[in-house]
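What follows is the content of coords-v1.cif, which has mmCIF, C-alpha atoms:
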```cif
data_model
loop_
_atom_site.label_atom_id
_atom_site.label_comp_id
_atom_site.auth_asym_id
_atom_site.auth_seq_id
_atom_site.Cartn_x
_atom_site.Cartn_y
_atom_site.Cartn_z
CA MET R 2 22.51 -13.69 137.56
CA THR R 3 23.66 -10.45 139.17
CA SER R 4 20.62 -8.82 140.79
CA ALA R 5 22.01 -5.33 141.38
CA ARG R 6 25.04 -3.04 141.32
CA THR R 7 25.47 -0.04 143.54
CA LEU R 8 26.68 3.04 141.65
CA ARG R 9 27.70 6.35 143.20
CA ALA R 10 28.04 9.69 141.49
CA GLY R 11 28.01 13.27 142.78
CA GLY R 12 26.98 12.24 146.28
CA HIS R 13 24.02 10.19 145.07
CA THR R 14 23.57 6.42 145.09
CA VAL R 15 21.92 4.57 142.22
CA GLN R 16 20.92 0.92 142.30
CA LEU R 17 21.37 -0.67 138.89
CA HIS R 18 18.93 -3.59 138.87
CA ARG R 19 19.70 -6.68 136.78
CA PRO R 20 22.88 -5.18 135.29
CA ASP R 21 23.53 -8.34 133.27
CA LYS R 22 20.19 -8.13 131.47
CA VAL R 23 20.87 -8.01 127.74
CA LEU R 24 19.39 -4.92 126.09
CA PHE R 25 21.16 -5.25 122.72
CA PRO R 26 21.24 -8.97 121.89
CA ALA R 27 23.75 -10.18 119.35
CA ASP R 28 21.77 -13.32 118.57
CA GLY R 29 18.23 -11.97 118.45
CA THR R 30 17.06 -13.27 121.82
CA ALA R 31 15.71 -10.08 123.36
CA GLY R 32 15.62 -9.89 127.12
CA ARG R 33 17.89 -12.90 127.70
CA THR R 34 20.24 -12.66 130.66
CA THR R 35 23.71 -14.12 131.01
CA ASP R 36 25.21 -16.11 133.85
CA GLY R 37 28.36 -13.96 134.02
CA SER R 38 29.06 -10.61 135.57
CA ALA R 39 27.59 -7.42 134.17
CA GLY R 40 29.31 -6.11 131.09
CA HIS R 41 29.71 -6.87 127.42
CA THR R 42 29.04 -10.54 126.76
CA GLN R 43 28.90 -12.67 123.65
CA ALA R 44 25.13 -12.29 123.88
CA GLY R 45 25.32 -8.56 123.26
CA TYR R 46 25.34 -5.37 125.33
CA THR R 47 23.85 -5.38 128.81
CA LYS R 48 22.26 -2.81 131.06
CA GLY R 49 25.61 -2.72 132.84
CA ASP R 50 27.28 -1.80 129.54
CA LEU R 51 24.76 1.00 129.04
CA ALA R 52 25.42 2.42 132.52
CA ASP R 53 29.19 2.13 132.10
CA TYR R 54 29.01 3.94 128.78
CA TYR R 55 26.86 6.77 130.11
CA ARG R 56 29.16 7.20 133.12
CA ALA R 57 32.21 7.40 130.84
CA VAL R 58 30.64 9.81 128.33
CA ALA R 59 28.95 12.02 130.95
CA PRO R 60 31.61 14.80 130.93
CA PHE R 61 31.08 15.23 127.18
CA MET R 62 27.32 14.63 127.10
CA LEU R 63 26.03 16.62 130.07
CA PRO R 64 26.80 20.07 128.61
CA HIS R 65 24.32 19.22 125.84
CA LEU R 66 21.64 18.12 128.33
CA ARG R 67 21.68 20.52 131.26
CA GLY R 68 18.52 22.58 131.56
CA ARG R 69 16.77 20.87 128.67
CA PRO R 70 13.45 19.02 129.01
CA LEU R 71 13.79 15.44 127.81
CA MET R 72 11.71 12.83 126.04
CA LEU R 73 12.91 9.45 127.28
CA GLU R 74 12.87 6.42 124.99
CA ARG R 75 12.65 3.33 127.19
CA HIS R 76 13.02 -0.34 126.26
CA PRO R 77 12.54 -2.40 129.45
CA ASP R 78 12.94 -5.70 127.59
CA GLY R 79 15.68 -4.60 125.22
CA VAL R 80 15.66 -3.29 121.68
CA ASP R 81 13.54 -6.19 120.42
CA GLY R 82 10.85 -5.63 123.04
CA PRO R 83 8.15 -3.00 123.50
CA ARG R 84 9.16 0.66 123.40
CA PHE R 85 7.51 3.59 125.10
CA MET R 86 8.22 7.30 125.04
CA GLN R 87 8.11 9.04 128.40
CA LYS R 88 7.42 12.75 128.82
CA ASP R 89 6.09 13.02 132.37
CA THR R 90 8.48 12.33 135.24
CA PRO R 91 7.04 9.53 137.43
CA GLY R 92 6.47 10.37 141.08
CA HIS R 93 8.83 7.61 142.24
CA TYR R 94 11.88 9.21 140.59
CA PRO R 95 14.33 10.49 143.25
CA ASP R 96 13.88 14.04 144.47
CA TRP R 97 17.42 14.94 143.42
CA ILE R 98 16.54 14.51 139.73
CA THR R 99 15.73 17.88 138.15
CA ARG R 100 12.25 18.45 136.72
CA ALA R 101 10.94 21.08 134.30
CA GLU R 102 7.24 21.90 134.17
CA VAL R 103 6.38 23.31 130.75
CA ALA R 104 3.16 24.36 129.09
CA LYS R 105 1.23 22.13 126.74
CA GLU R 106 -2.20 22.47 125.20
CA GLY R 107 -4.68 22.29 128.01
CA GLY R 108 -2.20 22.13 130.85
CA THR R 109 1.41 21.36 131.68
CA VAL R 110 3.83 18.43 131.58
CA THR R 111 6.74 17.83 133.95
CA HIS R 112 9.76 16.61 132.00
CA THR R 113 12.89 15.02 133.39
CA VAL R 114 16.05 17.13 133.04
CA CYS R 115 19.46 15.45 133.13
CA ASP R 116 21.85 17.78 134.93
CA ASP R 117 24.36 15.28 136.35
CA THR R 118 25.97 11.86 136.04
CA ALA R 119 23.77 10.31 138.73
CA THR R 120 20.68 11.11 136.66
CA LEU R 121 22.25 9.50 133.59
CA LEU R 122 22.92 6.35 135.61
CA TYR R 123 19.38 6.33 137.02
CA LEU R 124 17.94 6.61 133.52
CA ALA R 125 20.16 3.71 132.40
CA ASP R 126 18.63 1.65 135.20
CA GLN R 127 15.21 2.57 133.79
CA ALA R 128 16.35 1.07 130.45
CA CYS R 129 16.24 4.52 128.90
CA LEU R 130 18.34 3.88 125.83
CA THR R 131 17.89 7.20 124.04
CA LEU R 132 17.57 10.73 125.36
CA HIS R 133 15.70 13.13 123.08
CA ARG R 134 16.20 16.76 124.12
CA TRP R 135 14.41 20.03 123.52
CA THR R 136 16.27 22.64 121.47
CA SER R 137 15.58 25.22 124.21
CA ARG R 138 16.59 25.39 127.86
CA VAL R 139 14.73 26.23 131.03
CA GLY R 140 16.33 29.42 132.27
CA GLY R 141 17.99 30.17 128.94
CA THR R 142 18.17 33.68 127.47
CA GLY R 143 14.59 33.63 126.27
CA GLY R 144 13.39 30.72 128.38
CA VAL R 145 11.95 27.45 127.17
CA THR R 146 9.96 29.16 124.39
CA HIS R 147 13.14 30.43 122.68
CA PRO R 148 15.49 27.77 121.26
CA ASP R 149 19.26 28.12 121.30
CA ARG R 150 19.71 25.41 118.70
CA LEU R 151 18.47 25.13 115.11
CA VAL R 152 18.53 21.62 113.67
CA PHE R 153 18.44 20.27 110.12
CA ASP R 154 17.80 16.52 109.89
CA LEU R 155 19.20 15.03 106.68
CA ASP R 156 16.99 12.01 106.04
CA PRO R 157 17.98 9.81 103.06
CA ALA R 158 15.45 7.94 100.97
CA LYS R 159 17.64 4.82 100.96
CA ASP R 160 20.40 3.33 103.11
CA ASP R 161 23.02 5.03 100.96
CA PHE R 162 25.15 7.48 102.88
CA GLY R 163 26.76 9.16 99.89
CA PRO R 164 23.78 11.49 99.30
CA VAL R 165 23.76 12.36 103.01
CA ARG R 166 27.39 13.46 102.94
CA ASP R 167 26.73 15.44 99.74
CA ALA R 168 23.70 17.18 101.27
CA ALA R 169 25.62 18.02 104.43
CA ARG R 170 28.37 19.60 102.38
CA LEU R 171 25.89 21.72 100.41
CA LEU R 172 24.03 22.80 103.54
CA GLY R 173 27.23 23.68 105.37
CA GLU R 174 28.36 25.83 102.44
CA LEU R 175 25.02 27.67 102.38
CA LEU R 176 25.12 28.32 106.13
CA ASP R 177 28.68 29.62 105.79
CA HIS R 178 27.50 31.92 103.01
CA VAL R 179 24.85 33.51 105.23
CA GLY R 180 27.28 33.80 108.12
CA LEU R 181 26.09 31.02 110.44
CA PRO R 182 28.48 28.55 112.10
CA SER R 183 27.28 24.96 112.17
CA ALA R 184 28.19 21.60 113.63
CA LEU R 185 27.73 18.08 112.29
CA MET R 186 26.51 14.97 114.11
CA THR R 187 25.78 11.39 113.11
CA THR R 188 22.33 10.35 114.29
CA GLY R 189 23.14 6.73 115.10
CA SER R 190 20.14 5.88 112.92
CA ARG R 191 20.05 6.86 109.21
CA GLY R 192 21.33 10.34 108.51
CA LEU R 193 23.14 13.39 109.86
CA HIS R 194 22.12 16.42 111.87
CA VAL R 195 23.44 19.88 111.10
CA ILE R 196 23.17 22.11 114.17
CA VAL R 197 23.35 25.91 114.33
CA PRO R 198 23.86 27.73 117.67
CA LEU R 199 21.40 30.57 118.32
CA ASN R 200 21.42 33.39 120.85
CA GLY R 201 18.04 32.40 122.31
CA ARG R 202 16.28 35.64 121.31
CA HIS R 203 14.07 34.14 118.58
CA ASP R 204 10.92 32.13 119.32
CA PHE R 205 10.18 28.74 117.82
CA ASP R 206 8.00 30.05 115.00
CA ASP R 207 10.73 32.44 113.88
CA VAL R 208 13.42 29.77 114.01
CA ARG R 209 11.36 27.18 112.14
CA ALA R 210 10.42 29.71 109.45
CA PHE R 211 14.08 30.56 108.89
CA ALA R 212 15.07 26.87 108.78
CA LYS R 213 12.32 26.25 106.23
CA ASP R 214 13.61 29.11 104.05
CA VAL R 215 17.13 27.68 104.14
CA ALA R 216 15.91 24.18 103.29
CA GLU R 217 13.72 25.43 100.43
CA THR R 218 16.55 27.53 99.03
CA LEU R 219 18.82 24.50 98.96
CA ALA R 220 16.16 22.18 97.55
CA GLN R 221 15.32 24.64 94.76
CA ALA R 222 19.00 24.83 93.83
CA HIS R 223 19.33 21.02 93.75
CA PRO R 224 15.86 19.68 92.86
CA GLU R 225 17.12 16.29 91.67
CA GLN R 226 18.91 15.56 94.96
CA LEU R 227 16.96 17.31 97.71
CA THR R 228 13.38 17.90 98.79
CA THR R 229 11.36 19.53 101.55
CA ALA R 230 8.28 17.36 100.85
CA ALA R 231 6.91 16.07 104.15
CA ARG R 232 5.10 13.13 102.54
CA LYS R 233 7.33 10.19 101.67
CA LYS R 234 5.38 9.47 98.49
CA ASP R 235 6.35 12.94 97.20
CA ARG R 236 10.09 12.55 97.82
CA GLY R 237 11.02 9.80 95.42
CA ASP R 238 14.72 9.00 95.78
CA ARG R 239 15.58 12.48 97.02
CA LEU R 240 17.00 13.27 100.44
CA TYR R 241 14.54 14.97 102.78
CA LEU R 242 15.67 18.21 104.45
CA ASP R 243 13.62 17.93 107.64
CA VAL R 244 13.19 21.09 109.74
CA GLN R 245 10.15 19.95 111.74
CA ARG R 246 12.21 19.50 114.91
CA ASN R 247 12.43 23.28 115.20
CA ALA R 248 8.98 23.61 116.77
CA TYR R 249 7.85 23.99 120.35
CA ALA R 250 7.92 20.71 122.32
CA GLN R 251 9.64 18.85 119.47
CA THR R 252 12.77 16.94 120.42
CA VAL R 253 15.98 15.82 118.77
CA VAL R 254 18.35 13.04 119.75
CA ALA R 255 21.00 14.28 122.17
CA PRO R 256 24.71 14.15 121.31
CA PHE R 257 26.31 10.89 122.54
CA SER R 258 22.90 9.26 123.06
CA VAL R 259 22.63 5.53 122.36
CA ARG R 260 20.09 4.52 119.73
CA ALA R 261 17.73 1.56 119.99
CA ARG R 262 19.24 -0.34 117.09
CA PRO R 263 21.28 -3.54 116.83
CA GLY R 264 24.86 -3.07 117.95
CA ALA R 265 24.11 -0.06 120.20
CA PRO R 266 25.06 2.74 117.77
CA VAL R 267 25.52 6.26 119.15
CA ALA R 268 24.70 9.77 117.89
CA VAL R 269 28.17 11.29 117.73
CA PRO R 270 29.50 14.80 116.97
CA VAL R 271 32.01 14.87 114.12
CA ALA R 272 34.20 17.52 112.54
CA TRP R 273 33.15 18.96 109.19
CA GLU R 274 36.13 17.29 107.51
CA ALA R 275 34.37 13.97 108.14
CA VAL R 276 31.98 14.53 105.22
CA ASP R 277 34.88 13.75 102.90
CA ASP R 278 35.51 10.38 104.58
CA PRO R 279 33.83 7.50 102.66
CA ALA R 280 33.81 5.51 105.91
CA LEU R 281 31.48 7.97 107.61
CA GLY R 282 28.03 6.58 108.29
CA ALA R 283 25.08 7.27 110.58
CA ARG R 284 26.00 4.26 112.75
CA ARG R 285 29.77 4.66 112.48
CA TRP R 286 30.24 4.66 116.30
CA THR R 287 28.84 2.41 119.02
CA ILE R 288 29.13 2.50 122.79
CA GLU R 289 32.56 0.88 122.44
CA GLY R 290 34.13 3.74 120.46
CA ALA R 291 32.02 6.84 121.09
CA VAL R 292 33.94 8.00 124.18
CA GLU R 293 37.21 7.93 122.30
CA GLN R 294 35.62 10.01 119.53
CA ALA R 295 34.27 12.45 122.14
CA ARG R 296 37.79 13.03 123.47
CA THR R 297 38.86 14.41 120.09
CA ASP R 298 36.57 17.43 120.71
CA PRO R 299 35.22 17.42 117.14
CA TRP R 300 33.09 20.55 117.64
CA ALA R 301 35.88 22.50 119.36
CA GLY R 302 33.65 25.22 120.77
CA LEU R 303 31.51 25.65 117.66
CA LEU R 304 28.29 25.88 119.66
CA ARG R 305 29.44 28.28 122.38
CA SER R 306 28.62 31.51 120.57
CA GLY R 307 24.96 31.67 119.58
CA ARG R 308 23.99 33.87 116.65
CA ALA R 309 21.09 36.13 115.78
CA LEU R 310 19.12 35.25 112.65
CA GLY R 311 18.58 38.80 111.36
CA PRO R 312 21.84 39.19 109.41
CA ALA R 313 21.61 35.63 108.07
CA ARG R 314 18.00 36.18 106.99
CA ARG R 315 18.96 39.29 105.03
CA LYS R 316 21.79 37.46 103.27
CA LEU R 317 19.50 34.55 102.47
CA ARG R 318 16.88 36.88 100.96
CA ALA R 319 19.54 38.52 98.82
CA LEU R 320 20.66 35.10 97.64
CA ARG R 321 17.08 34.13 96.78
CA GLY R 322 16.74 37.34 94.76
#
```

What is this structure when it is put down as structure tokens?
Amino acid sequence: MTSARTLRAGGHTVQLHRPDKVLFPADGTAGRTTDGSAGHTQAGYTKGDLADYYRAVAPFMLPHLRGRPLMLERHPDGVDGPRFMQKDTPGHYPDWITRAEVAKEGGTVTHTVCDDTATLLYLADQACLTLHRWTSRVGGTGGVTHPDRLVFDLDPAKDDFGPVRDAARLLGELLDHVGLPSALMTTGSRGLHVIVPLNGRHDFDDVRAFAKDVAETLAQAHPEQLTTAARKKDRGDRLYLDVQRNAYAQTVVAPFSVRARPGAPVAVPVAWEAVDDPALGARRWTIEGAVEQARTDPWAGLLRSGRALGPARRKLRALRG
């Protein structure tokens, strides 16, 4: 068993402990280690695989992480073992890892911020499989209380991706109609995310209210297919247009983040043309193919120019009559 690997990035050194520990077992034996070197084995994907993936995808992933408080999803014994969600940054984390102290009810919480490759590698060593990010940034235009991303989560009632592709197409058309650019991402789990870049001048309440209006407009136009009902028992077989992530301190899975599911699927940006591809699915890419997909630059600068919601809100009201 390999006890450790020494990794270097950006002038920092990270010790990857037990790199051959299997985090994504292929045969259902969670936590089993192999007697070979770190890397992809017949037993599944190892911690070494996770670190290698995050190092390779870092140039594409870091622009979506810098300055954003994170919720870390850790699985010390692999995907079949216990999971815990980490907000506070432990005191033993290296000093060179960025922190962000943000307000919460009754106090503050100090989140980890991933600004560089070394931090990604350190989090891999902590068996942090998934990085969930805030939709606002510390030091952004309006600060951490003003998001620069609006997110729609398309959550299907069943494991049938056809309705998800249909809903994405309808939502994209509506956003185009009100003058908002949008980007599409597989979640690595069940559905798709549709992401709108904002200029950071609207607070969370304003952004969530607008997202709710968009979702309700679409659901009212397609009541047999779509719903905004928060309770599962009220949805039936309809796809849920979830806008709850657009609230203060809520998080959304980061682009290129690995998900804690069998096979190590990844949340991957895709071009809008992908909704017409029958092969598209929420878990279409894994850590073996996600970097190659990233190199295609599927968003091609879509999120660089954040928009104000005022003009879009007026167009939406006109559409609603």

Mind telling me what the PyMOL selection byres ((chain R and resi 161) around 12) catches here, as a PyMOL selection string?
chain R and resi 156-160+162-167+191-192+238-240+279-283

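Between CA of Ala295 in chain R and CA of Tyr46 in chain R there is a distance of 20.2 Å.
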
Which residue gives the smallest distance to Gly290 in chain R among R:Val215, R:Val197, R:His93, R:Val58, with all atoms listed in the file counted?
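Among R:Val215, R:Val197, R:His93, R:Val58, it is R:Val58 that comes nearest to Gly290 in chain R.
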
Could you write out as a PyMOL selection string the residues that the PyMOL selection byres ((chain R and resi 141) around 12) matches in the shown file?
chain R and resi 67-69+136-140+142-150+199-203+307

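Selection result for the displayed file, with the PyMOL selection byres ((chain R and resi 286) around 10) as criterion, is Thr187, Thr188, Gly189, Phe257, Val259, Gly264, Ala265, Pro266, Val267, Ala268, Val269, Leu281, Gly282, Ala283, Arg284, Arg285, Thr287, Ile288, Glu289, Gly290, Ala291, Val292, Glu293 and Gln294 of chain R.
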
Could you tell me which of R:Leu320, R:Leu51, R:Val152, R:Ala231 comes closest to Val208 in chain R if we count all atoms listed in the file?
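Going through R:Leu320, R:Leu51, R:Val152, R:Ala231 one by one, the smallest distance to Val208 in chain R is for R:Val152.
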
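Near Val80 in chain R, within a cut-off of 8 Å and counting all atoms listed in the file, sit the residues Leu24, Phe25, Pro26, Ala31, Ala261, Arg262 and Pro263 of chain R, with same-chain residues fewer than 5 positions away left out.
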
For a quick check of understanding, using all atoms listed in the file, which of R:Val254, R:Arg321, R:Gly108, R:Gly11 has the smallest distance to Gln221 in chain R?
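Ranking R:Val254, R:Arg321, R:Gly108, R:Gly11 by distance to Gln221 in chain R, first place goes to R:Arg321.
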
Between CA of Leu73 in chain R and CA of Gln87 in chain R, what is the distance, to one decimal in Å?
4.9 Å

Rounded to one decimal, what separation in Å do you get between CA of Leu219 in chain R and CA of Pro256 in chain R?
25.3 Å

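For the residues R:Arg246, R:Arg6, R:Arg296, R:His223, ranking by smallest atom-to-atom distance to Phe205 in chain R using all atoms listed in the file places R:Arg246 first.
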
Which is closest to Val15 in chain R among R:Pro83, R:Pro95, R:Pro224, R:Gly180, if we use all atoms listed in the file?
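Among R:Pro83, R:Pro95, R:Pro224, R:Gly180, it is R:Pro95 that comes nearest to Val15 in chain R.
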
From the list R:Thr252, R:Thr7, R:Thr229, R:Thr47, which residue is nearest Leu130 in chain R when using only C-alpha atoms?
R:Thr47

For a cut-off of 10 Å around (6.8, 13.3, 136.9), file coordinates, pick out all residues using all atoms listed in the file and list them as an mmCIF file with C-alpha atoms, in the frame of the given file.
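Final output, out.cif:
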```
data_model
loop_
_atom_site.group_PDB
_atom_site.id
_atom_site.type_symbol
_atom_site.label_atom_id
_atom_site.label_comp_id
_atom_site.auth_asym_id
_atom_site.auth_seq_id
_atom_site.Cartn_x
_atom_site.Cartn_y
_atom_site.Cartn_z
ATOM 1 C CA GLN R 87 8.110 9.040 128.400
ATOM 2 C CA LYS R 88 7.420 12.750 128.820
ATOM 3 C CA ASP R 89 6.090 13.020 132.370
ATOM 4 C CA THR R 90 8.480 12.330 135.240
ATOM 5 C CA PRO R 91 7.040 9.530 137.430
ATOM 6 C CA GLY R 92 6.470 10.370 141.080
ATOM 7 C CA HIS R 93 8.830 7.610 142.240
ATOM 8 C CA TYR R 94 11.880 9.210 140.590
ATOM 9 C CA ARG R 100 12.250 18.450 136.720
ATOM 10 C CA ALA R 101 10.940 21.080 134.300
ATOM 11 C CA GLU R 102 7.240 21.900 134.170
ATOM 12 C CA VAL R 110 3.830 18.430 131.580
ATOM 13 C CA THR R 111 6.740 17.830 133.950
ATOM 14 C CA HIS R 112 9.760 16.610 132.000
ATOM 15 C CA THR R 113 12.890 15.020 133.390
#
```

Could you put an axis-aligned box around every listed atom of range 3-14 of chain R, padded by 4 Å on each side, and send me its centre and edge lengths in Å to one decimal, as JSON?
```
{"center_x": 24.3, "center_y": 1.4, "center_z": 142.7, "size_x": 15.4, "size_y": 31.7, "size_z": 15.1}
```

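Residues with any atom within 8 Å of Arg75 in chain R, counting all atoms listed in the file and excluding same-chain neighbours fewer than 5 positions away, are Arg84, Phe85, Met86, Gln87, Gln127, Ala128, Cys129, Leu130 and Thr131 of chain R.
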
Can you pull out the residues contacting Asp154 in chain R? Cut-off 7 Å, using only C-alpha atoms, and skip same-chain residues under 6 positions away; I want them as a PyMOL selection string.
chain R and resi 193-195+242-244
